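With compact mmCIF, C-alpha atoms inside, this is entry-v1.txt:
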```txt
# COMPACT_ATOMS: atom_id res chain seq x y z
CA MET A 1 92.85 176.64 -172.42
CA THR A 2 93.40 179.98 -170.68
CA PRO A 3 95.68 180.22 -167.61
CA ASP A 4 92.61 180.54 -165.36
CA GLU A 5 91.03 177.47 -166.97
CA TYR A 6 94.26 175.53 -166.50
CA CYS A 7 94.28 176.37 -162.77
CA GLN A 8 90.59 175.58 -162.43
CA SER A 9 91.16 172.17 -164.01
CA LYS A 10 94.11 171.52 -161.70
CA ALA A 11 92.04 172.37 -158.62
CA ALA A 12 88.97 170.40 -159.69
CA GLN A 13 90.96 167.26 -160.53
CA SER A 14 92.58 167.16 -157.10
CA GLY A 15 89.31 166.66 -155.23
CA SER A 16 90.85 168.68 -152.39
CA SER A 17 88.81 170.16 -149.56
CA PHE A 18 90.18 173.55 -150.64
CA TYR A 19 88.17 173.37 -153.84
CA TYR A 20 84.86 173.44 -151.98
CA ALA A 21 85.78 176.65 -150.19
CA PHE A 22 86.72 178.33 -153.48
CA LEU A 23 83.22 177.83 -154.90
CA PHE A 24 81.67 180.46 -152.64
CA LEU A 25 84.14 183.28 -153.30
CA PRO A 26 83.57 186.31 -155.55
CA PRO A 27 85.08 185.72 -159.04
CA GLU A 28 88.31 187.71 -158.66
CA ARG A 29 89.22 186.21 -155.28
CA ARG A 30 88.23 182.77 -156.57
CA ARG A 31 90.59 183.12 -159.54
CA ALA A 32 93.41 184.27 -157.24
CA ILE A 33 93.06 181.46 -154.69
CA THR A 34 92.64 178.86 -157.44
CA ALA A 35 95.87 180.05 -159.07
CA LEU A 36 97.67 179.89 -155.72
CA TYR A 37 96.36 176.39 -155.10
CA ALA A 38 97.41 175.29 -158.60
CA PHE A 39 100.93 176.60 -157.90
CA CYS A 40 101.06 174.56 -154.69
CA ARG A 41 99.88 171.46 -156.55
CA GLU A 42 102.47 171.93 -159.31
CA VAL A 43 105.45 172.11 -156.94
CA ASP A 44 104.07 169.34 -154.71
CA ASP A 45 103.65 167.07 -157.73
CA VAL A 46 107.34 167.53 -158.55
CA VAL A 47 108.31 165.72 -155.34
CA ASP A 48 105.54 163.12 -155.50
CA GLU A 49 106.01 162.17 -159.15
CA CYS A 50 109.79 162.37 -159.64
CA ASN A 51 111.58 159.18 -158.60
CA GLU A 52 115.01 160.72 -159.16
CA PRO A 53 115.84 163.41 -156.55
CA SER A 54 118.27 165.21 -158.86
CA VAL A 55 115.51 165.65 -161.45
CA ALA A 56 113.12 166.91 -158.78
CA ARG A 57 115.72 169.44 -157.62
CA MET A 58 116.15 170.71 -161.16
CA LYS A 59 112.39 171.11 -161.57
CA LEU A 60 112.04 172.94 -158.26
CA ALA A 61 114.93 175.21 -159.25
CA TRP A 62 113.03 175.93 -162.47
CA TRP A 63 109.96 176.88 -160.43
CA ARG A 64 112.11 179.29 -158.45
CA THR A 65 113.06 181.00 -161.71
CA GLN A 66 109.36 181.14 -162.60
CA ILE A 67 108.67 183.00 -159.35
CA GLU A 68 111.38 185.52 -160.23
CA ARG A 69 109.99 185.90 -163.75
CA LEU A 70 106.52 186.48 -162.28
CA TYR A 71 107.68 189.43 -160.18
CA GLU A 72 109.70 190.80 -163.08
CA GLY A 73 106.47 190.98 -165.08
CA HIS A 74 107.32 188.12 -167.44
CA ALA A 75 105.22 185.21 -166.23
CA GLU A 76 105.64 182.14 -168.47
CA HIS A 77 103.90 179.11 -166.97
CA PRO A 78 100.06 179.19 -167.09
CA VAL A 79 99.90 179.08 -163.28
CA MET A 80 102.17 182.11 -162.99
CA GLN A 81 100.23 183.92 -165.70
CA ALA A 82 97.06 183.28 -163.70
CA LEU A 83 98.73 184.57 -160.51
CA ALA A 84 100.18 187.68 -162.15
CA PRO A 85 97.08 189.96 -161.95
CA HIS A 86 96.71 189.27 -158.22
CA ILE A 87 100.17 189.67 -156.70
CA LYS A 88 99.82 193.40 -156.04
CA THR A 89 96.08 193.36 -155.33
CA TYR A 90 96.46 190.82 -152.53
CA ASP A 91 100.08 191.48 -151.51
CA LEU A 92 101.30 188.03 -152.53
CA ARG A 93 104.99 188.27 -151.69
CA ALA A 94 107.71 186.43 -153.57
CA GLU A 95 109.42 185.24 -150.38
CA ARG A 96 106.27 183.37 -149.38
CA LEU A 97 106.08 181.57 -152.72
CA HIS A 98 109.78 180.70 -152.38
CA ALA A 99 109.05 179.37 -148.87
CA ILE A 100 106.56 176.90 -150.37
CA VAL A 101 109.19 175.64 -152.81
CA GLU A 102 111.65 175.35 -149.91
CA GLY A 103 109.15 173.08 -148.16
CA MET A 104 109.13 170.78 -151.17
CA GLU A 105 112.95 170.80 -151.16
CA MET A 106 112.85 169.72 -147.51
CA ASP A 107 111.03 166.57 -148.63
CA LEU A 108 114.03 165.76 -150.83
CA ASP A 109 116.52 166.39 -148.04
CA GLN A 110 114.75 164.87 -145.06
CA THR A 111 112.48 161.88 -144.55
CA ARG A 112 112.33 161.96 -140.72
CA TYR A 113 111.99 164.71 -138.10
CA LEU A 114 113.60 164.43 -134.69
CA ASP A 115 111.04 166.45 -132.75
CA TRP A 116 108.00 168.71 -132.98
CA PRO A 117 109.98 171.97 -133.51
CA GLY A 118 111.63 170.40 -136.57
CA LEU A 119 108.33 169.10 -137.92
CA ARG A 120 106.64 172.40 -137.17
CA LYS A 121 109.16 174.21 -139.36
CA TYR A 122 108.37 171.82 -142.21
CA CYS A 123 104.62 172.26 -141.65
CA TRP A 124 105.00 176.04 -141.87
CA HIS A 125 106.70 175.74 -145.26
CA ALA A 126 104.19 173.17 -146.49
CA ALA A 127 101.01 174.80 -145.19
CA GLY A 128 101.46 177.64 -142.68
CA VAL A 129 102.76 180.07 -145.30
CA VAL A 130 99.99 178.94 -147.67
CA GLY A 131 97.53 179.91 -144.95
CA GLU A 132 99.06 183.37 -144.75
CA LEU A 133 98.85 183.82 -148.53
CA SER A 134 95.27 182.57 -148.54
CA ALA A 135 94.28 184.98 -145.77
CA SER A 136 95.63 187.83 -147.87
CA ILE A 137 93.43 186.76 -150.77
CA PHE A 138 90.33 186.29 -148.62
CA GLY A 139 90.90 189.74 -147.08
CA TYR A 140 91.90 190.88 -143.60
CA THR A 141 92.22 194.07 -141.57
CA GLN A 142 93.92 192.84 -138.38
CA PRO A 143 97.48 191.43 -138.13
CA GLU A 144 96.20 188.71 -135.78
CA THR A 145 94.42 187.19 -138.75
CA LEU A 146 97.77 186.10 -140.18
CA VAL A 147 98.50 184.32 -136.89
CA TYR A 148 95.14 182.55 -137.24
CA ALA A 149 95.92 181.60 -140.83
CA GLU A 150 99.36 180.22 -140.00
CA LYS A 151 97.99 178.14 -137.08
CA LEU A 152 95.18 176.85 -139.26
CA GLY A 153 97.66 175.84 -141.95
CA LEU A 154 99.64 173.88 -139.34
CA ALA A 155 96.44 172.16 -138.21
CA PHE A 156 95.61 171.17 -141.79
CA GLN A 157 99.11 169.80 -142.40
CA LEU A 158 99.05 167.77 -139.19
CA THR A 159 95.65 166.37 -140.19
CA ASN A 160 97.13 165.38 -143.55
CA ILE A 161 100.12 163.75 -141.84
CA ILE A 162 97.82 161.73 -139.57
CA ARG A 163 95.64 160.66 -142.51
CA ASP A 164 98.58 159.75 -144.76
CA VAL A 165 100.85 157.89 -142.33
CA GLY A 166 100.62 154.66 -144.31
CA ASP A 167 100.93 156.22 -147.77
CA ASP A 168 103.87 158.38 -146.72
CA ALA A 169 105.69 155.40 -145.16
CA ARG A 170 105.40 153.48 -148.42
CA ARG A 171 107.06 156.46 -150.12
CA GLY A 172 109.91 156.34 -147.64
CA ARG A 173 108.78 159.21 -145.40
CA ILE A 174 107.60 159.15 -141.80
CA TYR A 175 106.65 162.61 -140.57
CA LEU A 176 105.79 161.54 -137.01
CA PRO A 177 108.54 162.99 -134.78
CA VAL A 178 111.16 160.45 -133.74
CA ASP A 179 111.01 161.46 -130.09
CA ASP A 180 107.23 160.95 -130.04
CA MET A 181 107.63 157.49 -131.58
CA GLN A 182 110.23 156.63 -128.95
CA LYS A 183 107.94 157.91 -126.20
CA PHE A 184 105.20 155.49 -127.28
CA ASN A 185 107.65 152.72 -128.26
CA VAL A 186 106.56 152.59 -131.90
CA LYS A 187 109.27 151.61 -134.38
CA ALA A 188 109.51 152.83 -137.95
CA SER A 189 109.52 149.21 -139.15
CA GLU A 190 106.10 148.68 -137.53
CA ILE A 191 104.63 151.59 -139.48
CA ILE A 192 106.20 150.41 -142.74
CA ASP A 193 104.88 146.87 -142.09
CA ARG A 194 101.40 148.27 -141.26
CA GLN A 195 101.38 146.90 -137.72
CA HIS A 196 98.42 148.52 -135.99
CA SER A 197 98.81 148.26 -132.20
CA ASP A 198 97.64 149.85 -128.97
CA ARG A 199 100.97 151.69 -128.84
CA PHE A 200 100.38 153.07 -132.34
CA VAL A 201 96.87 154.18 -131.35
CA GLU A 202 98.26 156.09 -128.36
CA LEU A 203 100.90 157.70 -130.58
CA MET A 204 98.22 158.82 -133.04
CA ARG A 205 95.96 160.02 -130.25
CA PHE A 206 98.84 162.24 -129.11
CA GLN A 207 99.33 163.61 -132.66
CA THR A 208 95.60 164.21 -132.98
CA GLU A 209 95.54 166.27 -129.78
CA ARG A 210 98.47 168.31 -131.14
CA ALA A 211 96.46 169.01 -134.30
CA ARG A 212 93.41 169.94 -132.22
CA GLN A 213 95.54 172.35 -130.22
CA CYS A 214 96.52 174.07 -133.47
CA TYR A 215 92.85 174.35 -134.46
CA ARG A 216 92.14 175.75 -130.97
CA GLU A 217 94.90 178.36 -131.18
CA ALA A 218 93.81 179.34 -134.69
CA MET A 219 90.21 179.94 -133.68
CA GLN A 220 91.27 181.89 -130.61
CA ALA A 221 93.48 184.15 -132.74
CA LEU A 222 90.87 185.06 -135.39
CA PRO A 223 89.62 188.62 -134.78
CA GLU A 224 85.89 189.19 -134.96
CA ALA A 225 86.45 191.97 -137.50
CA ASP A 226 87.85 189.51 -140.07
CA ARG A 227 85.66 186.50 -139.37
CA ARG A 228 83.30 187.10 -142.29
CA ALA A 229 86.10 187.63 -144.82
CA GLN A 230 87.88 184.50 -143.60
CA ARG A 231 84.89 182.20 -144.06
CA PRO A 232 86.67 180.15 -146.78
CA GLY A 233 89.34 179.18 -144.24
CA LEU A 234 86.63 178.32 -141.74
CA MET A 235 84.98 176.10 -144.37
CA MET A 236 88.22 174.21 -144.76
CA ALA A 237 88.55 174.02 -140.98
CA ALA A 238 85.09 172.44 -140.75
CA ILE A 239 86.01 169.86 -143.40
CA TYR A 240 89.47 169.03 -142.04
CA HIS A 241 88.28 168.85 -138.44
CA ALA A 242 85.45 166.51 -139.49
CA LEU A 243 88.06 164.35 -141.25
CA LEU A 244 90.17 164.27 -138.08
CA HIS A 245 87.10 163.15 -136.14
CA GLU A 246 86.42 160.36 -138.66
CA ILE A 247 90.01 159.14 -138.39
CA GLU A 248 89.74 159.03 -134.60
CA ARG A 249 86.35 157.29 -134.77
CA ASP A 250 87.95 154.66 -137.02
CA ASN A 251 90.62 154.12 -134.34
CA TRP A 252 93.39 155.56 -136.54
CA GLN A 253 93.25 152.76 -139.14
CA VAL A 254 95.53 154.79 -141.40
CA LEU A 255 98.33 152.32 -142.11
CA ASP A 256 96.57 150.45 -144.89
CA GLN A 257 93.76 152.79 -145.98
CA ARG A 258 93.08 156.46 -146.72
CA ILE A 259 90.12 157.81 -144.76
CA SER A 260 88.22 160.60 -146.50
CA LEU A 261 84.92 162.48 -146.57
CA THR A 262 82.50 162.22 -149.47
CA PRO A 263 82.26 165.21 -151.87
CA ILE A 264 78.65 165.86 -150.84
CA ARG A 265 79.61 166.00 -147.16
CA LYS A 266 82.46 168.42 -147.91
CA PHE A 267 80.08 170.65 -149.85
CA TRP A 268 77.48 170.49 -147.06
CA LEU A 269 80.03 171.46 -144.40
CA ALA A 270 81.30 174.33 -146.55
CA TRP A 271 77.78 175.58 -147.29
CA LYS A 272 76.83 175.58 -143.60
CA ILE A 273 79.79 177.81 -142.77
CA TRP A 274 79.06 180.18 -145.67
CA VAL A 275 75.44 180.58 -144.59
CA GLY A 276 75.99 180.56 -140.83
CA GLY A 277 79.21 182.56 -140.75
CA GLY A 278 81.19 180.02 -138.74
CA ARG A 279 80.48 181.39 -135.27
CA SER A 280 79.42 178.01 -133.86
CA LEU A 281 82.48 176.32 -135.42
CA ILE A 282 84.82 178.88 -133.89
CA LYS A 283 83.23 178.38 -130.48
CA ARG A 284 83.41 174.58 -130.74
CA LEU A 285 87.03 174.41 -131.95
CA SER A 286 88.20 177.04 -129.46
CA GLN A 287 87.33 174.84 -126.49
```

Please render this file's structure as structure tokens.
Amino acid sequence: MTPDEYCQSKAAQSGSSFYYAFLFLPPERRRAITALYAFCREVDDVVDECNEPSVARMKLAWWRTQIERLYEGHAEHPVMQALAPHIKTYDLRAERLHAIVEGMEMDLDQTRYLDWPGLRKYCWHAAGVVGELSASIFGYTQPETLVYAEKLGLAFQLTNIIRDVGDDARRGRIYLPVDDMQKFNVKASEIIDRQHSDRFVELMRFQTERARQCYREAMQALPEADRRAQRPGLMMAAIYHALLHEIERDNWQVLDQRISLTPIRKFWLAWKIWVGGGRSLIKRLSQ
């Protein structure tokens, strides 16, 4: 298996919404974004699959050395070998890859966040910086496009947090800010015990509006000049925003189930953006 094949397998197995956006890209950009996504999956899996924090820290430290080896021209892991041809072409900076690893380290150090500024910092490491790297691969001419990409990454991460409240709680993590939970009088024990209530619904409605505000700010920041190049991000926005709508329509029943879209619906949403250019989506999400 070549490094590119390894990354392709990693992306396809995940079933992620990102995979559907990759399908429409030209070959070189598709290989680059698939390698980046595979890197994100590798470091994320370290935290999800290691029960012993000390082992996870050692593995993440090893990934940091792999980043250094990559930029020294001595890539070793298949993912880094797949990334190597693209780091100069798309200006993929080492500090941004390190920021992703730092986000995974935050999951080892912190299981709760006091307020939105604290959670926002985590979301930037987990997804905002990935958005910036992705925008570089898709292609951009205006600096505002990186603002769009960062905001869109935050929106995606908040959507994931809303979807995964129950799963995350069973892993010992509650990403909903403590001050928001106090505002709506929802206790951590209620989330862990899967107690769906009117108070919980109002809490989740508040989080959903925060996510929608991030989508709104992202769409408003995207320059017209870069809209066509950034269609893959808009495809993901269409898919993630549709998921957020489904979660709301299901009254935020996220404590004991994982709400998702079917593969065919994801593909259909992605295809519509690729063909239509995303103008109607931008207008709808900007409001």

Please report the interatomic distance between atom CA of Glu5 of chain A and atom CA of Ile137 of chain A in Å with one decimal.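 If I compute the distance from atom CA of Glu5 of chain A to atom CA of Ile137 of chain A, I get 18.8 Å.
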
Go ahead and compute the interatomic distance for atom CA of Val43 of chain A and atom CA of Ala155 of chain A, in Å to one decimal.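 Interatomic distance here is 20.8 Å.
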
Computed interatomic separation between atom CA of Tyr148 of chain A and atom CA of Tyr113 of chain A (Å):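 Computed distance, atom CA of Tyr148 of chain A to atom CA of Tyr113 of chain A, equals 24.6 Å.
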
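The closest residue to Arg194 of chain A, picked from A:Asp226, A:Glu42, A:Asp256, A:Asp250 and counting only C-alpha atoms, is A:Asp256.
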
With only C-alpha atoms as the counted atoms, please give the residues lying no more than 8 Å from His196 of chain A, apart from itself and same-chain residues fewer than 3 positions off, as an MDAnalysis selection string. chainID A and resid 190:191 200:201 253 255

Could you list, as a PDB file with C-alpha atoms, in the frame of the given file, every residue within 9 Å of segment 141-145 of chain A, counting all atoms listed in the file and ignoring same-chain residues fewer than 5 positions away?
```pdb
ATOM      1  CA  GLU A 132      99.060 183.370-144.750  1.00  0.00           C
ATOM      2  CA  ALA A 135      94.280 184.980-145.770  1.00  0.00           C
ATOM      3  CA  GLU A 150      99.360 180.220-140.000  1.00  0.00           C
ATOM      4  CA  ALA A 218      93.810 179.340-134.690  1.00  0.00           C
ATOM      5  CA  ALA A 221      93.480 184.150-132.740  1.00  0.00           C
ATOM      6  CA  LEU A 222      90.870 185.060-135.390  1.00  0.00           C
ATOM      7  CA  PRO A 223      89.620 188.620-134.780  1.00  0.00           C
ATOM      8  CA  ALA A 225      86.450 191.970-137.500  1.00  0.00           C
ATOM      9  CA  ASP A 226      87.850 189.510-140.070  1.00  0.00           C
ATOM     10  CA  ARG A 227      85.660 186.500-139.370  1.00  0.00           C
ATOM     11  CA  GLN A 230      87.880 184.500-143.600  1.00  0.00           C
TER      12      GLN A 230
END
```

Counting all atoms listed in the file, the residue of A:His86, A:Val130, A:Phe138, A:Arg57 that sits nearest Glu105 of chain A: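 Result for the nearest residue to Glu105 of chain A: A:Arg57.
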
Would you kindly return, as a ChimeraX atom specification, each protein, DNA or RNA residue with an atom no farther than 9 Å from any atom of Ile162 of chain A, considering only C-alpha atoms and excluding same-chain residues fewer than 4 positions away? /A:157-158,166,175-176,204,207-208,244,247,252,254

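Of the residues listed (A:Leu97, A:Met235, A:Leu36, A:Asn51), A:Met235 shows the shortest atom-to-atom separation from Val275 of chain A; distances use all atoms listed in the file.
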
Nearest residue to Leu114 of chain A from the set A:Asp167, A:Glu52, A:Glu72, A:Asp180 (distances using only C-alpha atoms):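 Of A:Asp167, A:Glu52, A:Glu72, A:Asp180, the one nearest Leu114 of chain A is A:Asp180, counting only C-alpha atoms.
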
Every residue with an atom at most 10 Å from (98.6, 177.4, -137.4) (file coordinates; all atoms listed in the file) is what I'm after, so could you write them as a PyMOL selection string? chain A and resi 120+123-124+127-129+131-132+146-158+211+213-219+221
